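> CSV, C-alpha atoms, saved as run.csv, coming up:
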```
chain,number,residue,atom,x,y,z
A,279,MET,CA,46.4,-119.1,69.7
A,280,GLU,CA,44.6,-116.3,71.4
A,281,PHE,CA,42.0,-113.8,70.1
A,282,ARG,CA,43.3,-110.4,71.3
A,283,ASN,CA,42.1,-108.0,68.6
A,284,ILE,CA,38.9,-108.7,66.7
A,285,MET,CA,38.1,-106.7,63.7
A,286,VAL,CA,34.4,-106.1,62.6
A,287,PRO,CA,34.1,-104.4,59.2
A,288,LEU,CA,30.9,-102.4,58.9
A,289,ASP,CA,29.4,-100.5,55.9
A,290,GLY,CA,26.5,-98.7,57.8
A,291,SER,CA,23.9,-101.4,56.9
A,292,PRO,CA,21.9,-103.3,59.6
A,293,ALA,CA,22.8,-106.5,57.9
A,294,ALA,CA,26.5,-106.0,58.5
A,295,GLU,CA,25.8,-105.2,62.1
A,296,HIS,CA,24.6,-108.8,62.7
A,297,ALA,CA,28.3,-109.6,63.2
A,298,LEU,CA,28.5,-107.5,66.3
A,299,PRO,CA,26.7,-109.8,68.9
A,300,ARG,CA,28.9,-112.7,67.9
A,301,ALA,CA,32.1,-110.6,68.0
A,302,ALA,CA,31.1,-109.2,71.4
A,303,ALA,CA,30.4,-112.6,72.8
A,304,ILE,CA,33.9,-113.8,71.8
A,305,ALA,CA,35.5,-110.6,73.0
A,306,GLN,CA,33.9,-111.0,76.4
A,307,ARG,CA,35.2,-114.5,76.9
A,308,ALA,CA,38.7,-113.7,75.5
A,309,ASN,CA,39.0,-110.3,77.1
A,310,ALA,CA,39.7,-109.0,73.6
A,311,CYS,CA,39.4,-105.6,72.0
A,312,ILE,CA,36.9,-105.1,69.2
A,313,ARG,CA,38.0,-102.9,66.3
A,314,ILE,CA,35.2,-101.4,64.3
A,315,VAL,CA,36.4,-100.5,60.8
A,316,ALA,CA,34.6,-98.7,58.0
A,317,VAL,CA,36.2,-98.0,54.6
A,318,LEU,CA,35.1,-95.2,52.5
A,319,PRO,CA,35.9,-96.0,48.8
A,320,GLY,CA,38.2,-93.4,47.4
A,321,ALA,CA,41.7,-92.7,46.2
A,322,GLY,CA,43.4,-94.2,49.3
A,323,PHE,CA,46.9,-93.6,48.0
A,324,LEU,CA,46.2,-89.8,47.9
A,325,GLU,CA,45.5,-87.4,50.8
A,326,PRO,CA,42.2,-85.5,50.5
A,327,GLU,CA,44.1,-82.2,50.1
A,328,ASP,CA,45.8,-83.6,47.0
A,329,LEU,CA,42.5,-84.3,45.3
A,330,PRO,CA,40.3,-81.8,43.3
A,331,SER,CA,38.4,-79.6,45.8
A,332,ALA,CA,34.9,-81.0,44.9
A,333,VAL,CA,36.1,-84.6,45.3
A,334,SER,CA,38.0,-83.8,48.5
A,335,GLU,CA,34.9,-82.1,50.0
A,336,ARG,CA,32.7,-85.2,49.2
A,337,LEU,CA,35.3,-87.5,50.8
A,338,ARG,CA,35.5,-85.2,53.8
A,339,ARG,CA,31.8,-85.2,54.4
A,340,GLY,CA,31.6,-88.9,53.8
A,341,LYS,CA,34.3,-89.6,56.3
A,342,GLU,CA,32.7,-87.4,58.9
A,343,GLN,CA,29.4,-89.2,58.5
A,344,LEU,CA,31.1,-92.6,58.7
A,345,SER,CA,33.1,-91.5,61.7
A,346,ARG,CA,29.9,-90.5,63.6
A,347,TYR,CA,28.4,-93.8,62.8
A,348,VAL,CA,31.4,-95.8,63.9
A,349,ASP,CA,31.6,-93.7,67.1
A,350,ARG,CA,28.0,-94.6,67.9
A,351,VAL,CA,28.6,-98.3,67.4
A,352,VAL,CA,31.7,-98.2,69.6
A,353,ALA,CA,29.8,-96.4,72.4
A,354,THR,CA,26.9,-98.8,72.2
A,355,LEU,CA,29.2,-101.8,72.4
A,356,ARG,CA,31.0,-100.4,75.4
A,357,ALA,CA,27.7,-99.6,77.2
A,358,THR,CA,25.8,-102.8,76.4
A,359,SER,CA,28.4,-105.5,76.0
A,360,HIS,CA,31.0,-104.0,78.4
A,361,VAL,CA,33.9,-104.8,76.1
A,362,ARG,CA,36.8,-102.8,75.0
A,363,ALA,CA,36.1,-101.2,71.6
A,364,THR,CA,37.7,-98.8,69.2
A,365,GLY,CA,36.9,-97.5,65.8
A,366,SER,CA,38.5,-96.4,62.6
A,367,VAL,CA,37.5,-95.0,59.2
A,368,ARG,CA,39.8,-95.4,56.2
A,369,ILE,CA,39.6,-94.0,52.7
A,370,ASP,CA,40.7,-96.7,50.4
A,371,ALA,CA,39.5,-99.6,48.2
A,372,PRO,CA,37.3,-101.6,50.7
A,373,VAL,CA,39.4,-104.8,50.7
A,374,ASP,CA,42.7,-103.1,50.6
A,375,GLY,CA,41.7,-100.8,53.5
A,376,LEU,CA,40.6,-103.8,55.6
A,377,LEU,CA,43.8,-105.7,54.9
A,378,LYS,CA,45.9,-102.6,55.9
A,379,GLU,CA,43.9,-102.3,59.1
A,380,MET,CA,44.4,-105.9,59.9
A,381,GLU,CA,48.2,-105.5,59.5
A,382,ASP,CA,48.4,-102.2,61.3
A,383,LYS,CA,46.4,-103.4,64.4
A,384,THR,CA,47.7,-107.0,64.5
A,385,VAL,CA,44.2,-108.4,64.2
A,386,ASP,CA,43.8,-112.1,65.2
A,387,LEU,CA,40.2,-112.7,64.0
A,388,VAL,CA,37.8,-111.0,61.7
A,389,VAL,CA,34.0,-111.3,62.3
A,390,MET,CA,31.8,-110.1,59.5
A,391,THR,CA,28.5,-110.9,57.7
A,392,SER,CA,28.3,-112.5,54.3
A,393,HIS,CA,26.1,-109.6,53.1
A,394,GLY,CA,26.3,-105.9,53.6
A,395,ARG,CA,24.7,-103.5,51.3
A,396,GLY,CA,22.4,-105.2,48.9
A,397,GLY,CA,20.1,-107.1,51.2
A,398,LEU,CA,19.8,-110.8,52.1
A,399,LYS,CA,18.5,-112.1,48.8
A,400,ARG,CA,21.8,-112.1,47.0
A,401,ALA,CA,22.8,-115.6,45.8
A,402,TRP,CA,26.5,-115.0,46.3
A,403,LEU,CA,28.7,-113.8,49.2
A,404,GLY,CA,29.1,-110.1,49.4
A,405,SER,CA,32.0,-109.1,47.2
A,406,VAL,CA,34.1,-107.6,50.1
A,407,THR,CA,33.6,-110.7,52.2
A,408,ASP,CA,34.4,-113.0,49.3
A,409,ALA,CA,37.6,-111.1,48.4
A,410,LEU,CA,38.7,-110.8,52.0
A,411,LEU,CA,38.3,-114.6,52.5
A,412,ARG,CA,40.8,-115.2,49.7
A,413,ARG,CA,43.4,-112.7,51.0
A,414,ALA,CA,43.2,-112.5,54.8
A,415,ALA,CA,46.0,-114.1,56.7
A,416,VAL,CA,43.9,-114.6,59.9
A,417,PRO,CA,40.7,-116.6,60.4
A,418,VAL,CA,37.5,-114.9,59.2
A,419,LEU,CA,34.3,-115.8,60.9
A,420,VAL,CA,31.4,-115.3,58.5
A,421,VAL,CA,27.9,-114.8,60.1
A,422,LYS,CA,24.7,-115.0,58.2
A,423,PRO,CA,22.3,-112.1,59.0
A,424,THR,CA,18.9,-113.4,60.4
A,425,SER,CA,17.0,-110.4,59.0
A,426,ASP,CA,17.3,-107.0,57.4
A,427,SER,CA,16.6,-105.3,60.7
A,428,GLN,CA,19.2,-104.0,63.2
A,429,PRO,CA,20.2,-106.7,65.7
A,430,ASP,CA,19.4,-106.3,69.4
A,431,TRP,CA,22.8,-105.6,71.0
A,432,LYS,CA,21.3,-105.7,74.5
A,433,ARG,CA,20.7,-109.4,74.2
A,434,PRO,CA,23.4,-111.8,75.5
A,435,GLY,CA,25.8,-113.0,72.7
A,436,PRO,CA,24.9,-116.4,71.3
A,437,ALA,CA,26.2,-119.5,73.1
A,438,LEU,CA,28.2,-122.2,71.3
A,439,ASP,CA,27.8,-125.9,71.9
A,440,SER,CA,30.3,-127.3,69.3
A,441,VAL,CA,32.8,-126.4,66.6
A,442,VAL,CA,32.6,-128.7,63.6
A,443,VAL,CA,36.0,-129.1,61.9
A,444,PRO,CA,35.8,-130.9,58.5
A,445,LEU,CA,39.0,-132.8,57.8
A,446,ASP,CA,40.1,-134.7,54.7
A,447,GLY,CA,43.5,-136.2,55.9
A,448,SER,CA,45.5,-133.2,54.7
A,449,THR,CA,47.7,-130.9,56.7
A,450,VAL,CA,46.0,-128.0,54.8
A,451,ALA,CA,42.6,-129.0,56.2
A,452,GLU,CA,44.1,-129.4,59.7
A,453,ALA,CA,45.1,-125.7,59.6
A,454,ALA,CA,41.6,-125.0,60.9
A,455,LEU,CA,42.2,-127.0,64.1
A,456,GLU,CA,44.2,-124.4,66.0
A,457,PRO,CA,41.7,-121.5,65.7
A,458,ALA,CA,38.8,-123.9,66.1
A,459,ALA,CA,40.2,-125.3,69.3
A,460,ALA,CA,40.8,-121.7,70.6
A,461,LEU,CA,37.2,-120.8,69.9
A,462,ALA,CA,35.9,-124.0,71.5
A,463,GLU,CA,38.0,-123.5,74.6
A,464,LEU,CA,36.5,-120.0,75.1
A,465,TYR,CA,33.0,-121.4,75.2
A,466,GLY,CA,33.7,-124.7,76.8
A,467,ALA,CA,32.3,-126.2,73.6
A,468,SER,CA,33.3,-129.6,72.1
A,469,LEU,CA,35.2,-130.1,68.9
A,470,ILE,CA,33.5,-132.3,66.3
A,471,LEU,CA,36.1,-133.8,63.9
A,472,LEU,CA,34.1,-134.6,60.8
A,473,GLN,CA,35.0,-136.5,57.7
A,474,VAL,CA,32.5,-137.1,54.9
A,475,VAL,CA,33.0,-140.2,52.9
A,476,THR,CA,31.5,-139.7,49.5
A,477,THR,CA,29.3,-142.5,48.1
A,478,PRO,CA,26.9,-142.6,45.2
A,479,TYR,CA,24.4,-144.3,47.4
A,480,VAL,CA,23.5,-143.9,51.1
A,481,VAL,CA,21.6,-147.1,51.9
A,482,PRO,CA,22.0,-150.0,54.3
A,483,PRO,CA,24.6,-152.7,53.2
A,484,THR,CA,21.8,-155.3,52.8
A,485,ALA,CA,20.1,-153.0,50.2
A,486,VAL,CA,23.2,-152.7,48.0
A,487,PRO,CA,22.7,-154.3,44.6
A,488,TYR,CA,25.0,-157.2,43.7
A,489,GLY,CA,26.7,-155.2,40.9
A,490,MET,CA,27.7,-152.5,43.4
A,491,VAL,CA,29.3,-154.8,46.0
A,492,VAL,CA,32.9,-153.8,44.9
A,493,ASP,CA,32.0,-150.1,45.2
A,494,HIS,CA,30.5,-150.7,48.6
A,495,ILE,CA,33.6,-152.5,49.8
A,496,GLU,CA,35.7,-149.5,48.7
A,497,VAL,CA,33.4,-147.1,50.6
A,498,LEU,CA,33.7,-149.3,53.7
A,499,ASP,CA,37.5,-149.3,53.4
A,500,ARG,CA,37.6,-145.5,53.0
A,501,ARG,CA,35.3,-145.2,56.0
A,502,SER,CA,37.6,-147.4,58.1
A,503,ARG,CA,40.7,-145.4,57.2
A,504,ALA,CA,38.8,-142.1,57.9
A,505,GLU,CA,37.8,-143.4,61.4
A,506,ASP,CA,41.4,-144.4,62.2
A,507,TYR,CA,42.7,-141.0,61.0
A,508,LEU,CA,40.1,-139.0,63.0
A,509,GLN,CA,40.7,-141.1,66.1
A,510,ARG,CA,44.4,-140.1,65.9
A,511,VAL,CA,43.6,-136.4,65.6
A,512,ALA,CA,41.1,-136.7,68.4
A,513,GLU,CA,43.7,-138.2,70.7
A,514,ARG,CA,46.0,-135.3,70.0
A,515,VAL,CA,43.3,-132.8,70.7
A,516,ARG,CA,42.3,-134.5,73.9
A,517,ALA,CA,45.9,-134.4,75.0
A,518,GLU,CA,45.5,-130.6,75.0
A,519,GLY,CA,42.7,-130.9,77.5
A,520,LEU,CA,39.8,-130.4,75.1
A,521,THR,CA,36.8,-132.5,74.2
A,522,ALA,CA,36.9,-134.0,70.7
A,523,THR,CA,34.5,-136.3,69.0
A,524,PRO,CA,35.4,-138.0,65.7
A,525,ILE,CA,32.5,-138.6,63.4
A,526,VAL,CA,32.5,-140.2,59.9
A,527,ILE,CA,29.4,-139.8,57.8
A,528,ASP,CA,28.4,-141.0,54.3
A,529,GLN,CA,27.0,-138.5,51.9
A,530,GLU,CA,27.0,-137.9,48.1
A,531,SER,CA,28.3,-134.3,48.6
A,532,ILE,CA,31.0,-133.4,51.0
A,533,ALA,CA,29.7,-129.8,51.5
A,534,GLU,CA,26.1,-131.0,51.9
A,535,GLY,CA,27.2,-133.5,54.4
A,536,ILE,CA,29.0,-130.9,56.5
A,537,VAL,CA,26.1,-128.5,56.4
A,538,ALA,CA,23.5,-131.3,57.3
A,539,HIS,CA,25.6,-132.4,60.3
A,540,SER,CA,25.9,-128.9,61.5
A,541,GLU,CA,22.2,-128.1,61.4
A,542,ASN,CA,21.0,-130.3,64.3
A,543,GLY,CA,19.5,-127.6,66.5
A,544,ALA,CA,22.6,-127.0,68.5
A,545,GLU,CA,24.6,-123.7,68.4
A,546,THR,CA,27.4,-124.6,66.0
A,547,VAL,CA,30.3,-123.0,64.2
A,548,ILE,CA,31.9,-124.7,61.2
A,549,ALA,CA,35.7,-124.1,61.0
A,550,LEU,CA,37.4,-125.2,57.8
A,551,ALA,CA,40.4,-124.4,55.7
A,552,THR,CA,39.8,-122.8,52.3
A,553,HIS,CA,41.5,-125.8,50.6
A,554,GLY,CA,41.9,-129.4,51.3
A,555,ILE,CA,43.6,-132.0,49.1
A,556,GLY,CA,44.1,-130.5,45.7
A,557,GLY,CA,46.4,-127.6,46.4
A,558,VAL,CA,46.3,-124.0,47.6
A,559,LYS,CA,47.2,-122.1,44.4
A,560,ARG,CA,43.7,-121.8,43.1
A,561,LEU,CA,42.4,-118.3,42.7
A,562,LEU,CA,39.0,-119.2,44.0
A,563,LEU,CA,38.0,-120.6,47.3
A,564,GLY,CA,38.3,-124.3,47.7
A,565,SER,CA,35.1,-125.8,46.2
A,566,VAL,CA,34.0,-127.4,49.5
A,567,ALA,CA,34.5,-124.3,51.5
A,568,ASP,CA,32.8,-122.2,48.9
A,569,LYS,CA,29.7,-124.4,48.9
A,570,VAL,CA,29.6,-124.6,52.7
A,571,LEU,CA,29.7,-120.8,53.0
A,572,ARG,CA,26.8,-120.5,50.6
A,573,LEU,CA,24.6,-123.3,52.1
A,574,ALA,CA,25.2,-123.1,55.8
A,575,GLU,CA,23.0,-121.1,58.2
A,576,ALA,CA,25.6,-121.6,61.0
A,577,PRO,CA,28.5,-119.2,61.2
A,578,VAL,CA,31.6,-120.4,59.2
A,579,MET,CA,35.1,-119.7,60.3
A,580,VAL,CA,37.4,-119.8,57.2
A,581,VAL,CA,41.2,-120.3,57.7
A,582,ARG,CA,43.6,-119.7,54.8
A,583,PRO,CA,46.8,-121.7,55.5
A,584,GLU,CA,50.0,-119.8,55.0
A,585,GLU,CA,51.9,-122.8,53.6
A,586,ALA,CA,50.9,-126.2,52.4
A,587,GLN,CA,51.9,-128.9,50.1
A,588,PRO,CA,49.2,-130.2,47.8
A,589,GLY,CA,48.1,-133.7,48.7
A,590,ASP,CA,50.3,-133.9,51.7
A,591,GLU,CA,48.4,-136.2,54.1
A,592,THR,CA,51.0,-136.1,57.0
A,593,THR,CA,50.2,-134.2,60.2
A,594,ARG,CA,52.1,-130.9,60.3
A,595,HIS,CA,49.9,-128.5,62.2
A,596,ALA,CA,50.0,-129.2,65.9
A,597,LEU,CA,47.7,-127.5,68.3
A,598,HIS,CA,49.4,-124.4,69.8
A,599,GLU,CA,50.5,-124.8,73.4
A,600,SER,CA,48.4,-121.8,74.5
A,601,VAL,CA,45.1,-123.5,73.4
A,602,ALA,CA,45.0,-125.6,76.5
A,603,GLY,CA,45.6,-122.6,78.7
```
Represent the structure contained in this file as structure tokens.

Amino acid sequence: MEFRNIMVPLDGSPAAEHALPRAAAIAQRANACIRIVAVLPGAGFLEPEDLPSAVSERLRRGKEQLSRYVDRVVATLRATSHVRATGSVRIDAPVDGLLKEMEDKTVDLVVMTSHGRGGLKRAWLGSVTDALLRRAAVPVLVVKPTSDSQPDWKRPGPALDSVVVPLDGSTVAEAALEPAAALAELYGASLILLQVVTTPYVVPPTAVPYGMVVDHIEVLDRRSRAEDYLQRVAERVRAEGLTATPIVIDQESIAEGIVAHSENGAETVIALATHGIGGVKRLLLGSVADKVLRLAEAPVMVVRPEEAQPGDETTRHALHESVAG
């Protein structure tokens, strides 16, 4: 796949603007256009002239203010990052407005922060980000703001050493492979194919108590099957001309294992599907993806598969031919 149109939702807060350097870095490499979008909450199904005059006037002033802000962001991006950039302001419910913009402008990737208004101390994802992750048909790259201050757009965009793709053997989880490979190719980064084998203990085999020998053998068997599976996926990725490293780790928690492996001092993006084995009909994000989003300091690319069969462990998602260029 290719990233041609990258949407960055902004709400006027410095925290939300921390998505801009990452989006600009990707756009520079992909020769993509950045679409800055701000949504003014209002009766999006009505035109301002159809509203009561007082409400219409407030919306008009609010839209003018947001439009000036978006224009400044667009001008700054063009001047400092030398990328193609456009802007848009919609009057609508925030998530609905962003989804309409994605459809109207054929967006390939969304880059946004996990917090907008409300600061960095919130325990949960920002409500707009959270809702968009559940409904977006394209990958969403979630960036954690590093401070409450405005980011320095004049600095070069962050580099990328690796893209970590957690896999569990399901075709649903493998849906993250294609956008992850596309991102890795842009940066010349490697793909880390990661599977976490859950175990109630993480100790050397010689330290396993006698009564836990059977459990330990089962863990070793799952680890062996995971290694074989990841090796097959890695061979498929390498056939597309990319670097792929299969890694199996033991950890009590899958999410904590993913996060711990991704925080090794290198510039990393985690790319994962919203659901693995267990189905795609849940209203909430898959539990692993949800925990990773909340725990990881690294950017997280979330992919929502369009179609999947719960528990299907066969390989259905092949890497797109364009990934290898």
> May I have the protein, DNA and RNA residues with any atom at most 8 Å from the point (29.2, -105.7, 74.7), counting only C-alpha atoms, written as a PyMOL selection string?
chain A and resi 299+302-303+306+354-361+431-432
> Could you pull the residues within 9 Å of segment 435-438 of chain A, counting all atoms listed in the file, minus those fewer than 2 positions along the same chain, as a PyMOL selection string?
chain A and resi 298-304+359+431-433+440-441+462+465-467+544-547
> Between atom CA of Val367 of chain A and atom CA of Ile312 of chain A, measure the distance and give it in Å to one decimal.
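Interatomic distance here is 14.2 Å.
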> Using atom CA of Leu387 of chain A and atom CA of Ser345 of chain A as the two end points, give the distance in Å to one decimal.
22.5 Å
> Can you list every residue of segment 373-471 of chain A that has an atom at most 7 Å from segment 503-524 of chain A, with its nearest atom pair and the distance in Å to one decimal, using all atoms listed in the file, ordered by chain then number, as CSV?

```
residue,atom,partner,partner_atom,distance
A:Ser468,CA,A:Thr521,CA,5.0
A:Leu469,CA,A:Ala522,CA,4.6
A:Ile470,CA,A:Thr523,CA,4.9
A:Leu471,CA,A:Pro524,CA,4.6
```
> List the neighbours of Glu584 of chain A out to 10 Å using only C-alpha atoms; skip same-chain residues closer than 4 positions along the sequence, and give me the result as a PDB file with C-alpha atoms, keeping the file's coordinate frame.

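And here's around.pdb as it stands now:
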```pdb
ATOM      1  CA  ALA A 414      43.200-112.500  54.800  1.00  0.00           C
ATOM      2  CA  ALA A 415      46.000-114.100  56.700  1.00  0.00           C
ATOM      3  CA  VAL A 416      43.900-114.600  59.900  1.00  0.00           C
ATOM      4  CA  VAL A 450      46.000-128.000  54.800  1.00  0.00           C
ATOM      5  CA  ALA A 453      45.100-125.700  59.600  1.00  0.00           C
ATOM      6  CA  VAL A 558      46.300-124.000  47.600  1.00  0.00           C
TER       7      VAL A 558
END
```
